[in-house]
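*Asks:* Pasting a structure here, questions to come.
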Amino acid sequence: MSAAVPASDIYSELNEKNKHRVKAGKSYAGLGLFAKDTFKKGEKILEYVGKRLTNKEVEVITQNKYLFEINSKVTVDGSTRLNTARYANHSCKPNAEADVIRGHAYLIAKKTIKPGDEITWDYGKDYFDEHITKDKCLCAPCKAKR
Ligand SMILES: [Zn+2]
């Protein structure tokens, strides 16, 4: 699992540019990703980086919550600590979304995000049903409903 990640899979011009505009910090679900700057709606926040895996490589992985499917052939293993985007928690009412653009996954602001705001995205139905579930979701809207 801890095989070296090729530098070319980790390097992201966007992440270099934005590394001082975000930080990992304490959140409701352990660590979270927080804005240190304002992000406008539609602005890319971070690229979700990690070792780029083929389907064959993905098949043998049993436990990894940080896999991000880019397309039918490529999946990014975002478990490396160098992938700051992995700190972004799930929310059922998120302020960001994950999108694939030209073979790369990005966290993108869904609305204006202000300094101090926690950056969250919706992990998707499959992940939610398998790992989070309605009864255990710790996001603010779910907690408010309980
Ligand atoms: Zn929730």
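FYI, nothing fancy with the structure tokens labels: chains A, B, ... in order, residues from 1 per chain, ligands from 1 as they appear.
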Could you list, as a compact mmCIF listing (two decimals) with N, CA and C atoms, in the first residue's frame, all residues that come within 6 Å of ligand 1? Count only C-alpha atoms and all ligand atoms.
*Replies:*
```
# COMPACT_ATOMS: atom_id res chain seq x y z
N SER A 91 -20.22 16.24 3.17
CA SER A 91 -21.41 16.89 3.70
C SER A 91 -22.57 16.61 2.76
N CYS A 92 -23.77 16.46 3.35
CA CYS A 92 -24.95 16.28 2.51
C CYS A 92 -25.39 17.60 1.91
N CYS A 137 -24.09 9.97 9.79
CA CYS A 137 -23.47 11.12 9.13
C CYS A 137 -23.30 12.27 10.12
N LEU A 138 -22.09 12.84 10.14
CA LEU A 138 -21.78 13.89 11.11
C LEU A 138 -21.85 15.30 10.51
N CYS A 139 -22.31 15.40 9.27
CA CYS A 139 -22.35 16.72 8.66
C CYS A 139 -23.41 17.59 9.35
N PRO A 141 -25.99 19.55 8.39
CA PRO A 141 -27.44 19.35 8.12
C PRO A 141 -27.99 18.08 8.75
N CYS A 142 -27.23 17.00 8.72
CA CYS A 142 -27.72 15.74 9.32
C CYS A 142 -27.79 15.86 10.83
```
*Asks:* Give me, as a tab-separated table, each residue of range 88-110 of chain A that comes within 8 Å of range 50-71 of chain A, together with its shortest interatomic pair and the distance in Å at one decimal, counting only C-alpha atoms, with rows ordered by chain and rising residue number.
*Replies:*
```
residue	atom	partner	partner_atom	distance
A:Val100	CA	A:Ile70	CA	6.4
A:Gly103	CA	A:Ile70	CA	6.2
A:His104	CA	A:Ile70	CA	6.8
A:Ala105	CA	A:Ile70	CA	6.7
```
*Asks:* Just to be explicit: take each residue in the selection above, keep C-alpha atoms, and write the result as an mmCIF file, in the first residue's frame.
*Replies:*
```cif
data_model
loop_
_atom_site.group_PDB
_atom_site.id
_atom_site.type_symbol
_atom_site.label_atom_id
_atom_site.label_comp_id
_atom_site.auth_asym_id
_atom_site.auth_seq_id
_atom_site.Cartn_x
_atom_site.Cartn_y
_atom_site.Cartn_z
ATOM 1 C CA VAL A 100 -13.133 15.437 -13.397
ATOM 2 C CA GLY A 103 -8.471 13.368 -16.740
ATOM 3 C CA HIS A 104 -7.837 15.161 -13.463
ATOM 4 C CA ALA A 105 -10.065 15.370 -10.388
#
```
*Asks:* Using DSSP on the backbone, list every residue of range 10-146 of chain A that comes out as helix (DSSP H, G or I), and give them as an NGL selection string.
*Replies:* :A and (10 or 13-18 or 55-59 or 84-87 or 125-132 or 140-145)
*Asks:* Just C-alpha atoms for this one: save the residues we selected as a CSV table (one decimal), in the first residue's frame.
*Replies:*
```csv
chain,number,residue,atom,x,y,z
A,10,ILE,CA,1.5,14.1,-7.2
A,13,GLU,CA,0.4,23.3,-10.5
A,14,LEU,CA,-2.9,24.2,-8.9
A,15,ASN,CA,-2.0,22.7,-5.6
A,16,GLU,CA,1.3,24.6,-5.6
A,17,LYS,CA,-0.5,27.8,-6.2
A,18,ASN,CA,-3.2,27.2,-3.6
A,55,ASN,CA,-8.2,-1.3,-13.1
A,56,LYS,CA,-5.9,-4.3,-12.4
A,57,GLU,CA,-4.1,-2.4,-9.6
A,58,VAL,CA,-7.5,-1.3,-8.1
A,59,GLU,CA,-8.9,-4.8,-8.1
A,84,THR,CA,-4.3,17.8,0.8
A,85,ALA,CA,-7.8,17.4,-0.9
A,86,ARG,CA,-8.3,14.2,1.0
A,87,TYR,CA,-8.9,16.1,4.2
A,125,LYS,CA,-24.3,7.7,-2.9
A,126,ASP,CA,-22.2,4.5,-3.0
A,127,TYR,CA,-19.6,5.8,-0.6
A,128,PHE,CA,-22.3,7.3,1.7
A,129,ASP,CA,-24.3,4.1,1.8
A,130,GLU,CA,-21.3,1.9,2.5
A,131,HIS,CA,-19.2,4.0,4.8
A,132,ILE,CA,-21.3,6.8,6.3
A,140,ALA,CA,-24.1,19.9,10.0
A,141,PRO,CA,-27.4,19.4,8.1
A,142,CYS,CA,-27.7,15.7,9.3
A,143,LYS,CA,-26.8,16.6,12.9
A,144,ALA,CA,-29.4,19.4,12.9
A,145,LYS,CA,-32.1,16.9,11.9
```
*Asks:* Would you please extract all strand (DSSP E) residues from range 14-69 of chain A, as assigned by DSSP on the backbone, and give them as a PyMOL selection string?
*Replies:* chain A and resi 22-27+30-35+44-47+51-53+67-69
*Asks:* For those residues, write C-alpha atoms to a file as a compact mmCIF listing (two decimals), in the first residue's frame.
*Replies:*
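The result, written out as result13.txt:
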```
# COMPACT_ATOMS: atom_id res chain seq x y z
CA VAL A 22 -6.22 26.13 2.56
CA LYS A 23 -5.23 24.17 5.64
CA ALA A 24 -6.07 20.93 7.37
CA GLY A 25 -7.57 21.41 10.82
CA LYS A 26 -9.81 19.96 13.49
CA SER A 27 -13.32 19.27 12.33
CA GLY A 30 -11.51 14.28 12.86
CA LEU A 31 -9.54 16.41 10.47
CA GLY A 32 -11.09 18.63 7.87
CA LEU A 33 -10.05 21.02 5.13
CA PHE A 34 -10.53 24.73 5.78
CA ALA A 35 -10.29 27.80 3.60
CA LYS A 44 -10.83 25.20 -8.50
CA ILE A 45 -9.65 24.73 -4.91
CA LEU A 46 -7.34 21.74 -5.11
CA GLU A 47 -6.57 18.84 -7.38
CA LYS A 51 -0.88 7.41 -7.63
CA ARG A 52 -2.77 6.79 -10.85
CA LEU A 53 -3.89 3.17 -10.89
CA LEU A 67 -9.92 5.95 -4.32
CA PHE A 68 -11.27 8.40 -6.87
CA GLU A 69 -12.38 7.01 -10.19
```
*Asks:* Rank nothing, just name the residue among A:Lys73, A:Tyr48, A:Lys136, A:His90 nearest to Leu107 in chain A, using only C-alpha atoms.
*Replies:*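 Result for the nearest residue to Leu107 in chain A: A:Tyr48.
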